[in-house]
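Visitor: Just passing along the structure, written as structure tokens.
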Amino acid sequence: MNIPSDISTVVEKMLCCTCGACAAICRQEAISYKETVGGHLFPVIDKVRCTACGLCYKVCPSVNVGTDLLNAIHTSPFEGTSLECHVGKAADSEVYLNSQSGGIVSALLLHLLETRKIEAAVVSAMAQGNPPRPVVLCAESKEQILSAQKSKYCPIPALEILREVRKRNLPVALVGLPCHFHGLSSIKDIDEALFQQVKYKIGLVCDRVMTYGAIDYLIKQSGLATQGTLNFDFRDKAHPQYPGNVVIGKPGKESTVLPDGTRNRIKNAFTPARCRICFDKMNILADITVCDPHGLKDIDRRNGESAVIVRTQKGRKSIREAVLGKHLHLRKADYNEITKGQKIERKRREWRGYVEAWRGLGMDLPAISAYLTGTTEYMPDDSYKKILKSCLALDAYASREILMASVDDLVKKSMFDKKNRDPFTSRIWQSLKMNIHRIKKAL
Ligand SMILES: Cc1cc2nc3c(=O)[nH]c(=O)nc-3n(C[C@H](O)[C@H](O)[C@H](O)COP(=O)(O)OP(=O)(O)OC[C@H]3O[C@@H](n4cnc5c(N)ncnc54)[C@H](O)[C@@H]3O)c2cc1C
Ligand code: SF4
Ligand code: SF4
Ligand code: SF4
């Protein structure tokens, strides 16, 4: 059999989830990331540097399932195991108010740094720019941890920074999405020493990301596209309050807050196809998984809180010490309520639907799919194939501008098409109708 020597085929088959493992493992530093027309961020290989060693292909989690991941899916693939759960917030008000939800992730990182359990935290910040794009950094100070707060709902090859971690021999905590930890699990099988540099795995729950087309689209909506360097937040709970709206602005100037629901309205249009066939919403390989407290009772719904799922003994110890060190305020929570709030039953159903649709399109599936299909029930539904096809078509547009114009058309159409209207556009529709009614009355 002819085994591919590098990850080009993974990209061609739309199986790349932008984890960064291939760039981390490549000793020739031959792999970098490039945006596609549709806004994916895919690895490209510098053929001059590449020695065809095959390591990048071997480490890719879409091709080879890491041993840790394989072990983890035996118990409960869609939920993972939990030792205990909490809900709460960071004790430091600066950390809390600047955070996405409850600031638990950043408060925990600060605790680990202060107690010298780690020398740096691998975090992802949104850099100012034209357009703004995320950067991954080894944060070694409170200022850097704060600079990286809030969720970036876009692909980030976070594991690429393990090249720096290796060179500097840094013990780190890594904040990552489920696919980052799938990549890390594959790295463990090939380069155990590099894996061991990651002392703590702080996971985020992840339903999906949006391609970079979404950032550009939202900036266009703000009317600031021609204004040079911009700040960008997918969700800022200070505007107007938790969970927060998209906020865009020129540094040092007043920001523009996009209307309620704008981000969710374009989610489907910019979802990478690969996210549709990803099973691991709950980040089962993390020591600690953090998420929004959907479905939990008695939550601070104005300023936000985070739910915390403790999965390992190491995670449990760090959380307990962070509470004792007065970094975190936590209350007990129930894992069943957390998974219910995250709609894991629906995830299970939809995952199977998209996997069968992917297969139906004659495309190769990620290696892990073979281990999971037996754990789910298949309910045929043509809409999965339709949605997948639209995700797969993102890179078929002639330019980013044409893609954005087409999304704009879709959004407007769904506002006026009763059948396709989502909850947000329904709300706009209602307020439009009320305004028309008021104007008519005034006349
Ligand atoms: C792509 C994505 C999808 C998510 N989907 C869900 C969901 O479906 N349901 C849910 O309940 N919660 C989801 N979350 C998690 C939620 O949005 C919060 O991130 C989480 O509650 C932590 O909040 P916090 O206030 O403790 O974090 P903060 O203190 O604000 O810190 C956030 C940390 O996340 C890191 N980070 C941000 N974006 C990324 C990224 N793309 N990749 C790697 N690290 C990143 C930052 O570096 C920072 O360290 C998602 C997050 C992301 C990034
Ligand atoms: S085949 Fe080897 S040298 Fe070439 S890009 Fe992959 S890891 Fe790097
Ligand atoms: S290792 Fe990660 S970034 Fe590289 S091709 Fe595979 S999925 Fe993509
Ligand atoms: S849905 Fe899965 S593949 Fe997509 S970003 Fe989240 S963890 Fe990665």
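Chain labels follow the order of the structure tokens: the first chain is A, the next B, and so on; residue numbering restarts at 1 in every chain, and ligands are counted from 1 in their shown order.
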Would you name the residues within 7 Å of ligand 1, counting only C-alpha atoms and all ligand atoms, and put them as a PDB file with C-alpha atoms, in the first residue's frame?

Guide:
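Written output follows (out_33.pdb):
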```
ATOM      1  CA  VAL A  95      -9.596  38.403  36.025  1.00  0.00           C
ATOM      2  CA  ASN A  98     -12.189  40.566  31.747  1.00  0.00           C
ATOM      3  CA  SER A  99     -13.084  36.903  31.216  1.00  0.00           C
ATOM      4  CA  GLN A 100     -15.375  35.046  28.848  1.00  0.00           C
ATOM      5  CA  SER A 101     -17.578  33.432  31.457  1.00  0.00           C
ATOM      6  CA  GLY A 102     -16.333  32.979  35.031  1.00  0.00           C
ATOM      7  CA  GLY A 103     -12.608  33.486  34.492  1.00  0.00           C
ATOM      8  CA  ILE A 104     -11.896  30.027  35.930  1.00  0.00           C
ATOM      9  CA  VAL A 105      -9.406  29.166  33.173  1.00  0.00           C
ATOM     10  CA  SER A 106      -7.275  32.259  33.729  1.00  0.00           C
ATOM     11  CA  ALA A 107      -7.520  32.149  37.541  1.00  0.00           C
ATOM     12  CA  VAL A 123      -2.847  30.635  25.625  1.00  0.00           C
ATOM     13  CA  SER A 124      -4.443  32.117  22.512  1.00  0.00           C
ATOM     14  CA  ALA A 125      -4.854  35.886  22.308  1.00  0.00           C
ATOM     15  CA  ILE A 145      -2.772  35.768  30.785  1.00  0.00           C
ATOM     16  CA  ALA A 148      -5.521  36.192  26.120  1.00  0.00           C
ATOM     17  CA  GLN A 149      -8.871  35.963  27.938  1.00  0.00           C
ATOM     18  CA  LYS A 150     -12.163  35.350  26.135  1.00  0.00           C
ATOM     19  CA  SER A 151     -13.056  32.745  23.515  1.00  0.00           C
ATOM     20  CA  LYS A 152     -11.790  32.851  19.962  1.00  0.00           C
ATOM     21  CA  TYR A 153     -14.335  30.893  17.943  1.00  0.00           C
ATOM     22  CA  CYS A 154     -11.940  30.260  15.081  1.00  0.00           C
ATOM     23  CA  PRO A 155      -9.304  27.645  14.168  1.00  0.00           C
ATOM     24  CA  ILE A 156      -5.978  28.037  16.011  1.00  0.00           C
ATOM     25  CA  ALA A 158      -2.165  25.952  19.238  1.00  0.00           C
ATOM     26  CA  VAL A 175      -5.432  25.684  27.226  1.00  0.00           C
ATOM     27  CA  GLY A 176      -6.964  23.857  24.320  1.00  0.00           C
ATOM     28  CA  LEU A 177      -9.970  22.651  22.383  1.00  0.00           C
ATOM     29  CA  LEU A 204     -12.623  24.107  26.761  1.00  0.00           C
ATOM     30  CA  VAL A 205     -15.904  22.564  25.701  1.00  0.00           C
ATOM     31  CA  CYS A 206     -16.216  23.062  21.945  1.00  0.00           C
ATOM     32  CA  ASP A 207     -19.291  22.777  19.793  1.00  0.00           C
ATOM     33  CA  ARG A 208     -17.448  24.119  16.723  1.00  0.00           C
ATOM     34  CA  VAL A 209     -15.469  27.080  15.449  1.00  0.00           C
ATOM     35  CA  VAL A 290     -14.357  24.360  31.491  1.00  0.00           C
ATOM     36  CA  CYS A 291     -17.572  25.564  29.855  1.00  0.00           C
ATOM     37  CA  ASP A 292     -20.485  27.947  30.142  1.00  0.00           C
ATOM     38  CA  PRO A 293     -22.944  26.843  32.822  1.00  0.00           C
ATOM     39  CA  HIS A 294     -25.813  26.122  30.401  1.00  0.00           C
ATOM     40  CA  SER A 306     -18.018  28.840  34.390  1.00  0.00           C
ATOM     41  CA  ALA A 307     -18.781  25.179  34.965  1.00  0.00           C
ATOM     42  CA  GLN A 342     -24.516  21.036  26.672  1.00  0.00           C
TER      43      GLN A 342
END
```

Visitor: Could you list, as a ChimeraX atom specification, all protein and nucleic acid residues with an atom at most 10 Å from ligand 4, counting only C-alpha atoms and all ligand atoms?

Guide: /A:15-19,62,153-157,176-182,203-211,271-283

Visitor: For a quick check of understanding, using only C-alpha atoms, which of A:Lys201, A:Lys237, A:Arg49, A:Arg331 has the smallest distance to A:Ile118?

Guide: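 Among the listed residues, A:Lys201 lies closest to A:Ile118.
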
Visitor: So which residues of stretch 171-298 of chain A fall under alpha helix (DSSP H) by DSSP, listed as a PyMOL selection string?

Guide: chain A and resi 178-190+192-196+212-222+262-267+273-276

Visitor: Okay, now the selection with N, CA and C atoms, as a compact mmCIF listing (two decimals), in the first residue's frame?

Guide:
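See part_15.txt below for the written result:
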```
# COMPACT_ATOMS: atom_id res chain seq x y z
N PRO A 178 -10.85 20.38 22.26
CA PRO A 178 -10.72 18.92 22.21
C PRO A 178 -9.75 18.44 21.13
N CYS A 179 -9.81 19.04 19.94
CA CYS A 179 -8.92 18.55 18.86
C CYS A 179 -7.45 18.84 19.17
N HIS A 180 -7.18 19.90 19.95
CA HIS A 180 -5.78 20.13 20.36
C HIS A 180 -5.29 18.95 21.22
N PHE A 181 -6.16 18.48 22.10
CA PHE A 181 -5.72 17.38 22.97
C PHE A 181 -5.71 16.03 22.23
N HIS A 182 -6.50 15.93 21.17
CA HIS A 182 -6.39 14.72 20.34
C HIS A 182 -5.00 14.71 19.68
N GLY A 183 -4.59 15.89 19.18
CA GLY A 183 -3.25 15.99 18.57
C GLY A 183 -2.17 15.72 19.59
N LEU A 184 -2.36 16.24 20.80
CA LEU A 184 -1.34 16.04 21.85
C LEU A 184 -1.23 14.56 22.21
N SER A 185 -2.36 13.87 22.19
CA SER A 185 -2.34 12.44 22.50
C SER A 185 -1.55 11.67 21.44
N SER A 186 -1.66 12.11 20.18
CA SER A 186 -0.86 11.47 19.12
C SER A 186 0.61 11.82 19.27
N ILE A 187 0.90 13.06 19.69
CA ILE A 187 2.30 13.45 19.93
C ILE A 187 2.91 12.54 20.99
N LYS A 188 2.13 12.22 22.02
CA LYS A 188 2.65 11.37 23.11
C LYS A 188 3.21 10.05 22.57
N ASP A 189 2.52 9.49 21.58
CA ASP A 189 2.95 8.20 21.04
C ASP A 189 4.26 8.28 20.26
N ILE A 190 4.61 9.50 19.82
CA ILE A 190 5.80 9.65 18.98
C ILE A 190 6.94 10.35 19.71
N GLU A 192 7.32 11.31 23.49
CA GLU A 192 6.85 11.31 24.88
C GLU A 192 7.45 12.49 25.67
N ALA A 193 8.72 12.82 25.38
CA ALA A 193 9.38 13.90 26.13
C ALA A 193 8.67 15.23 25.89
N LEU A 194 8.27 15.48 24.65
CA LEU A 194 7.56 16.73 24.35
C LEU A 194 6.21 16.73 25.04
N PHE A 195 5.53 15.61 24.98
CA PHE A 195 4.22 15.50 25.66
C PHE A 195 4.36 15.82 27.15
N GLN A 196 5.44 15.34 27.77
CA GLN A 196 5.64 15.52 29.21
C GLN A 196 5.87 16.97 29.60
N TYR A 212 -12.15 31.90 9.38
CA TYR A 212 -11.78 33.32 9.48
C TYR A 212 -12.69 34.23 8.65
N GLY A 213 -13.43 33.61 7.73
CA GLY A 213 -14.40 34.40 6.97
C GLY A 213 -15.38 35.08 7.91
N ALA A 214 -15.66 34.44 9.06
CA ALA A 214 -16.63 35.02 10.01
C ALA A 214 -16.11 36.32 10.60
N ILE A 215 -14.82 36.35 10.96
CA ILE A 215 -14.25 37.59 11.53
C ILE A 215 -14.37 38.71 10.49
N ASP A 216 -13.98 38.39 9.26
CA ASP A 216 -14.01 39.43 8.22
C ASP A 216 -15.44 39.89 7.94
N TYR A 217 -16.35 38.92 7.96
CA TYR A 217 -17.76 39.28 7.73
C TYR A 217 -18.28 40.21 8.83
N LEU A 218 -17.95 39.86 10.09
CA LEU A 218 -18.45 40.66 11.21
C LEU A 218 -17.84 42.07 11.18
N ILE A 219 -16.57 42.15 10.77
CA ILE A 219 -15.93 43.47 10.68
C ILE A 219 -16.63 44.30 9.59
N LYS A 220 -16.98 43.63 8.50
CA LYS A 220 -17.68 44.35 7.42
C LYS A 220 -19.03 44.88 7.94
N GLN A 221 -19.70 44.04 8.72
CA GLN A 221 -21.00 44.45 9.28
C GLN A 221 -20.84 45.67 10.19
N SER A 222 -19.69 45.76 10.87
CA SER A 222 -19.49 46.86 11.82
C SER A 222 -19.24 48.19 11.10
N THR A 262 -25.90 38.31 16.54
CA THR A 262 -25.24 38.39 15.22
C THR A 262 -24.30 37.21 15.01
N ARG A 263 -23.53 36.88 16.05
CA ARG A 263 -22.55 35.79 15.91
C ARG A 263 -23.26 34.46 15.63
N ASN A 264 -24.31 34.17 16.40
CA ASN A 264 -25.00 32.90 16.21
C ASN A 264 -25.69 32.81 14.86
N ARG A 265 -26.10 33.97 14.35
CA ARG A 265 -26.82 33.98 13.07
C ARG A 265 -25.93 33.50 11.92
N ILE A 266 -24.62 33.73 12.03
CA ILE A 266 -23.75 33.36 10.89
C ILE A 266 -22.97 32.07 11.15
N LYS A 267 -23.22 31.47 12.34
CA LYS A 267 -22.47 30.28 12.74
C LYS A 267 -22.51 29.17 11.68
N ALA A 273 -16.45 22.05 7.76
CA ALA A 273 -17.06 20.71 7.65
C ALA A 273 -16.48 19.77 8.70
N ARG A 274 -15.16 19.91 8.98
CA ARG A 274 -14.50 19.00 9.92
C ARG A 274 -15.14 19.03 11.31
N CYS A 275 -15.64 20.20 11.71
CA CYS A 275 -16.27 20.30 13.04
C CYS A 275 -17.58 19.50 13.10
N ARG A 276 -18.22 19.34 11.95
CA ARG A 276 -19.50 18.59 11.93
C ARG A 276 -19.28 17.12 12.27
```

Visitor: Counting only C-alpha atoms and all ligand atoms, which of A:Lys47, A:His40, A:Lys89, A:Arg27 gets nearest to ligand 3?

Guide: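 Comparing A:Lys47, A:His40, A:Lys89, A:Arg27 against ligand 3, the winner is A:His40.
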
Visitor: Just checking: using only C-alpha atoms and all ligand atoms, which residue out of A:Lys34, A:Gly66, A:Cys50, A:Asp395 ends up closest to ligand 2?

Guide: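 Answer, going by the shortest atom-to-atom distance: A:Cys50.
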
Visitor: For the contact check between chain A and ligand 2, emit one row per residue of chain A within 8 Å, containing the shortest atom pair and the distance in Å rounded to one decimal, counting only C-alpha atoms and all ligand atoms, chain then rising number order, as a Markdown table.

Guide:
```
| residue | atom | partner | partner_atom_place_in_ligand_line | distance |
| --- | --- | --- | --- | --- |
| A:Ser5 | CA | ligand 2 | 1 (S) | 5.6 |
| A:Asp6 | CA | ligand 2 | 1 (S) | 4.7 |
| A:Ile7 | CA | ligand 2 | 6 (Fe) | 6.8 |
| A:Cys22 | CA | ligand 2 | 7 (S) | 6.5 |
| A:Ala23 | CA | ligand 2 | 7 (S) | 7.3 |
| A:Ile25 | CA | ligand 2 | 7 (S) | 6.2 |
| A:Cys26 | CA | ligand 2 | 7 (S) | 3.8 |
| A:Arg27 | CA | ligand 2 | 8 (Fe) | 6.3 |
| A:Gln28 | CA | ligand 2 | 3 (S) | 5.3 |
| A:Glu29 | CA | ligand 2 | 8 (Fe) | 6.4 |
| A:Ala30 | CA | ligand 2 | 5 (S) | 5.0 |
| A:Ile31 | CA | ligand 2 | 5 (S) | 5.6 |
| A:Ile45 | CA | ligand 2 | 5 (S) | 5.5 |
| A:Asp46 | CA | ligand 2 | 5 (S) | 7.1 |
| A:Lys47 | CA | ligand 2 | 4 (Fe) | 7.3 |
| A:Arg49 | CA | ligand 2 | 3 (S) | 6.7 |
| A:Cys50 | CA | ligand 2 | 4 (Fe) | 3.7 |
| A:Thr51 | CA | ligand 2 | 3 (S) | 4.4 |
| A:Ala52 | CA | ligand 2 | 1 (S) | 3.7 |
| A:Cys53 | CA | ligand 2 | 2 (Fe) | 3.9 |
| A:Gly54 | CA | ligand 2 | 1 (S) | 4.1 |
| A:Leu55 | CA | ligand 2 | 7 (S) | 4.5 |
| A:Cys56 | CA | ligand 2 | 7 (S) | 4.1 |
| A:Tyr57 | CA | ligand 2 | 6 (Fe) | 6.5 |
```

Visitor: Next, write the just-selected residues to a file, as a PDB file, in the first residue's frame, keeping N, CA and C atoms as the atom set.

Guide:
```
ATOM      1  N   SER A   5       3.366  10.430   2.684  1.00  0.00           N
ATOM      2  CA  SER A   5       4.475  10.761   3.585  1.00  0.00           C
ATOM      3  C   SER A   5       4.243  12.050   4.358  1.00  0.00           C
ATOM      4  N   ASP A   6       3.250  12.840   3.961  1.00  0.00           N
ATOM      5  CA  ASP A   6       3.002  14.062   4.726  1.00  0.00           C
ATOM      6  C   ASP A   6       1.503  14.371   4.788  1.00  0.00           C
ATOM      7  N   ILE A   7       1.171  15.507   5.418  1.00  0.00           N
ATOM      8  CA  ILE A   7      -0.242  15.771   5.725  1.00  0.00           C
ATOM      9  C   ILE A   7      -1.012  16.446   4.569  1.00  0.00           C
ATOM     10  N   CYS A  22       1.172  18.594  13.644  1.00  0.00           N
ATOM     11  CA  CYS A  22       2.141  18.307  12.580  1.00  0.00           C
ATOM     12  C   CYS A  22       3.280  19.321  12.599  1.00  0.00           C
ATOM     13  N   ALA A  23       2.936  20.597  12.833  1.00  0.00           N
ATOM     14  CA  ALA A  23       3.987  21.622  12.884  1.00  0.00           C
ATOM     15  C   ALA A  23       4.877  21.419  14.105  1.00  0.00           C
ATOM     16  N   ILE A  25       5.706  18.573  15.518  1.00  0.00           N
ATOM     17  CA  ILE A  25       6.563  17.384  15.422  1.00  0.00           C
ATOM     18  C   ILE A  25       7.647  17.548  14.354  1.00  0.00           C
ATOM     19  N   CYS A  26       7.414  18.437  13.385  1.00  0.00           N
ATOM     20  CA  CYS A  26       8.343  18.555  12.250  1.00  0.00           C
ATOM     21  C   CYS A  26       9.652  19.227  12.673  1.00  0.00           C
ATOM     22  N   ARG A  27      10.723  18.458  12.687  1.00  0.00           N
ATOM     23  CA  ARG A  27      12.028  18.980  13.119  1.00  0.00           C
ATOM     24  C   ARG A  27      12.641  19.918  12.079  1.00  0.00           C
ATOM     25  N   GLN A  28      12.131  19.856  10.842  1.00  0.00           N
ATOM     26  CA  GLN A  28      12.667  20.728   9.784  1.00  0.00           C
ATOM     27  C   GLN A  28      11.977  22.092   9.776  1.00  0.00           C
ATOM     28  N   GLU A  29      10.998  22.278  10.645  1.00  0.00           N
ATOM     29  CA  GLU A  29      10.173  23.504  10.658  1.00  0.00           C
ATOM     30  C   GLU A  29       9.675  23.808   9.236  1.00  0.00           C
ATOM     31  N   ALA A  30       9.191  22.761   8.593  1.00  0.00           N
ATOM     32  CA  ALA A  30       8.766  22.888   7.197  1.00  0.00           C
ATOM     33  C   ALA A  30       7.273  23.194   7.080  1.00  0.00           C
ATOM     34  N   ILE A  31       6.570  23.223   8.240  1.00  0.00           N
ATOM     35  CA  ILE A  31       5.111  23.398   8.163  1.00  0.00           C
ATOM     36  C   ILE A  31       4.694  24.756   8.723  1.00  0.00           C
ATOM     37  N   ILE A  45       3.288  22.781   3.335  1.00  0.00           N
ATOM     38  CA  ILE A  45       4.639  22.249   3.522  1.00  0.00           C
ATOM     39  C   ILE A  45       5.630  22.944   2.594  1.00  0.00           C
ATOM     40  N   ASP A  46       6.722  23.369   3.186  1.00  0.00           N
ATOM     41  CA  ASP A  46       7.825  23.929   2.406  1.00  0.00           C
ATOM     42  C   ASP A  46       8.626  22.740   1.879  1.00  0.00           C
ATOM     43  N   LYS A  47       8.439  22.473   0.591  1.00  0.00           N
ATOM     44  CA  LYS A  47       9.017  21.254   0.006  1.00  0.00           C
ATOM     45  C   LYS A  47      10.554  21.290  -0.016  1.00  0.00           C
ATOM     46  N   ARG A  49      12.429  22.423   2.535  1.00  0.00           N
ATOM     47  CA  ARG A  49      12.877  21.977   3.864  1.00  0.00           C
ATOM     48  C   ARG A  49      12.491  20.522   4.164  1.00  0.00           C
ATOM     49  N   CYS A  50      11.371  20.072   3.600  1.00  0.00           N
ATOM     50  CA  CYS A  50      10.824  18.754   3.942  1.00  0.00           C
ATOM     51  C   CYS A  50      11.751  17.611   3.519  1.00  0.00           C
ATOM     52  N   THR A  51      11.949  16.661   4.449  1.00  0.00           N
ATOM     53  CA  THR A  51      12.805  15.505   4.134  1.00  0.00           C
ATOM     54  C   THR A  51      11.968  14.236   3.920  1.00  0.00           C
ATOM     55  N   ALA A  52      10.637  14.425   3.849  1.00  0.00           N
ATOM     56  CA  ALA A  52       9.719  13.294   3.644  1.00  0.00           C
ATOM     57  C   ALA A  52       9.855  12.230   4.735  1.00  0.00           C
ATOM     58  N   CYS A  53      10.070  12.683   5.977  1.00  0.00           N
ATOM     59  CA  CYS A  53      10.252  11.718   7.077  1.00  0.00           C
ATOM     60  C   CYS A  53       8.931  11.047   7.482  1.00  0.00           C
ATOM     61  N   GLY A  54       7.817  11.680   7.159  1.00  0.00           N
ATOM     62  CA  GLY A  54       6.518  11.067   7.435  1.00  0.00           C
ATOM     63  C   GLY A  54       5.970  11.298   8.832  1.00  0.00           C
ATOM     64  N   LEU A  55       6.712  12.019   9.683  1.00  0.00           N
ATOM     65  CA  LEU A  55       6.258  12.188  11.070  1.00  0.00           C
ATOM     66  C   LEU A  55       4.961  12.989  11.174  1.00  0.00           C
ATOM     67  N   CYS A  56       4.823  14.008  10.320  1.00  0.00           N
ATOM     68  CA  CYS A  56       3.622  14.858  10.415  1.00  0.00           C
ATOM     69  C   CYS A  56       2.364  14.019  10.134  1.00  0.00           C
ATOM     70  N   TYR A  57       2.462  13.133   9.170  1.00  0.00           N
ATOM     71  CA  TYR A  57       1.326  12.284   8.824  1.00  0.00           C
ATOM     72  C   TYR A  57       1.011  11.326   9.979  1.00  0.00           C
TER      73      TYR A  57
END
```

Visitor: Can you tell me, as a count of residues only, what residues are no more than 7 Å from stretch 243-245 of chain A when counting only C-alpha atoms, ignoring any on the same chain fewer than 6 positions away?

Guide: 9

Visitor: Find, counting only C-alpha atoms and all ligand atoms, the residue in A:Leu70, A:Lys250, A:Ser141, A:Ala367 that gets nearest to ligand 3.

Guide: A:Ala367

Visitor: One decimal, Å: what's the distance from atom CA of A:His327 over to atom CA of A:Asp92, could you say?

Guide: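 Atom-to-atom, atom CA of A:His327 to atom CA of A:Asp92, that is 6.7 Å.
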
Visitor: Identify which of the residues A:Lys297, A:Leu361, A:Ala269, A:Thr376 lies closest to A:Ile338, counting only C-alpha atoms when measuring atom-to-atom distances.

Guide: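 Using only C-alpha atoms, A:Ile338 sits closest to A:Lys297.
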
Visitor: Step one, run DSSP on the backbone; step two, keep only residues of stretch 179-252 of chain A assigned to strand (DSSP E or B); then write them as an MDAnalysis selection string.

Guide: chainID A and resid 198:204 230:236 245:249

Visitor: How about saving the chosen residues, N, CA and C atoms kept, as a PDB file, in the first residue's frame?

Guide:
```pdb
ATOM      1  N   VAL A 198       3.912  19.264  28.819  1.00  0.00           N
ATOM      2  CA  VAL A 198       2.576  19.794  29.128  1.00  0.00           C
ATOM      3  C   VAL A 198       2.130  19.195  30.455  1.00  0.00           C
ATOM      4  N   LYS A 199       2.257  19.990  31.489  1.00  0.00           N
ATOM      5  CA  LYS A 199       1.983  19.485  32.837  1.00  0.00           C
ATOM      6  C   LYS A 199       0.485  19.469  33.136  1.00  0.00           C
ATOM      7  N   TYR A 200      -0.252  20.417  32.561  1.00  0.00           N
ATOM      8  CA  TYR A 200      -1.699  20.498  32.815  1.00  0.00           C
ATOM      9  C   TYR A 200      -2.432  20.733  31.503  1.00  0.00           C
ATOM     10  N   LYS A 201      -3.530  19.996  31.329  1.00  0.00           N
ATOM     11  CA  LYS A 201      -4.358  20.163  30.130  1.00  0.00           C
ATOM     12  C   LYS A 201      -5.665  20.823  30.555  1.00  0.00           C
ATOM     13  N   ILE A 202      -5.809  22.107  30.266  1.00  0.00           N
ATOM     14  CA  ILE A 202      -7.033  22.835  30.628  1.00  0.00           C
ATOM     15  C   ILE A 202      -7.894  22.911  29.367  1.00  0.00           C
ATOM     16  N   GLY A 203      -8.984  22.168  29.359  1.00  0.00           N
ATOM     17  CA  GLY A 203      -9.783  22.041  28.141  1.00  0.00           C
ATOM     18  C   GLY A 203     -10.998  22.951  28.128  1.00  0.00           C
ATOM     19  N   LEU A 204     -11.376  23.363  26.936  1.00  0.00           N
ATOM     20  CA  LEU A 204     -12.623  24.107  26.761  1.00  0.00           C
ATOM     21  C   LEU A 204     -13.616  23.177  26.064  1.00  0.00           C
ATOM     22  N   LEU A 230      -7.593  47.042  14.088  1.00  0.00           N
ATOM     23  CA  LEU A 230      -8.801  46.912  14.911  1.00  0.00           C
ATOM     24  C   LEU A 230      -8.595  45.912  16.047  1.00  0.00           C
ATOM     25  N   ASN A 231      -9.367  46.107  17.123  1.00  0.00           N
ATOM     26  CA  ASN A 231      -9.537  45.075  18.155  1.00  0.00           C
ATOM     27  C   ASN A 231     -10.778  44.274  17.798  1.00  0.00           C
ATOM     28  N   PHE A 232     -10.794  43.008  18.214  1.00  0.00           N
ATOM     29  CA  PHE A 232     -11.956  42.171  17.887  1.00  0.00           C
ATOM     30  C   PHE A 232     -12.232  41.189  19.019  1.00  0.00           C
ATOM     31  N   ASP A 233     -13.461  41.164  19.515  1.00  0.00           N
ATOM     32  CA  ASP A 233     -13.884  40.154  20.489  1.00  0.00           C
ATOM     33  C   ASP A 233     -15.151  39.477  19.987  1.00  0.00           C
ATOM     34  N   PHE A 234     -15.131  38.140  19.933  1.00  0.00           N
ATOM     35  CA  PHE A 234     -16.332  37.401  19.527  1.00  0.00           C
ATOM     36  C   PHE A 234     -17.455  37.586  20.535  1.00  0.00           C
ATOM     37  N   ARG A 235     -17.067  37.723  21.816  1.00  0.00           N
ATOM     38  CA  ARG A 235     -18.063  37.814  22.887  1.00  0.00           C
ATOM     39  C   ARG A 235     -17.455  38.645  24.003  1.00  0.00           C
ATOM     40  N   ASP A 236     -18.064  39.785  24.299  1.00  0.00           N
ATOM     41  CA  ASP A 236     -17.570  40.592  25.416  1.00  0.00           C
ATOM     42  C   ASP A 236     -18.732  40.780  26.388  1.00  0.00           C
ATOM     43  N   ASN A 245     -21.865  40.349  23.395  1.00  0.00           N
ATOM     44  CA  ASN A 245     -21.973  40.484  21.937  1.00  0.00           C
ATOM     45  C   ASN A 245     -20.598  40.639  21.289  1.00  0.00           C
ATOM     46  N   VAL A 246     -20.601  40.605  19.955  1.00  0.00           N
ATOM     47  CA  VAL A 246     -19.364  40.862  19.207  1.00  0.00           C
ATOM     48  C   VAL A 246     -19.008  42.347  19.369  1.00  0.00           C
ATOM     49  N   VAL A 247     -17.736  42.615  19.722  1.00  0.00           N
ATOM     50  CA  VAL A 247     -17.297  43.999  19.912  1.00  0.00           C
ATOM     51  C   VAL A 247     -16.061  44.246  19.055  1.00  0.00           C
ATOM     52  N   ILE A 248     -16.119  45.322  18.252  1.00  0.00           N
ATOM     53  CA  ILE A 248     -15.018  45.631  17.324  1.00  0.00           C
ATOM     54  C   ILE A 248     -14.691  47.111  17.465  1.00  0.00           C
ATOM     55  N   GLY A 249     -13.420  47.447  17.455  1.00  0.00           N
ATOM     56  CA  GLY A 249     -13.122  48.875  17.560  1.00  0.00           C
ATOM     57  C   GLY A 249     -11.690  49.209  17.233  1.00  0.00           C
TER      58      GLY A 249
END
```
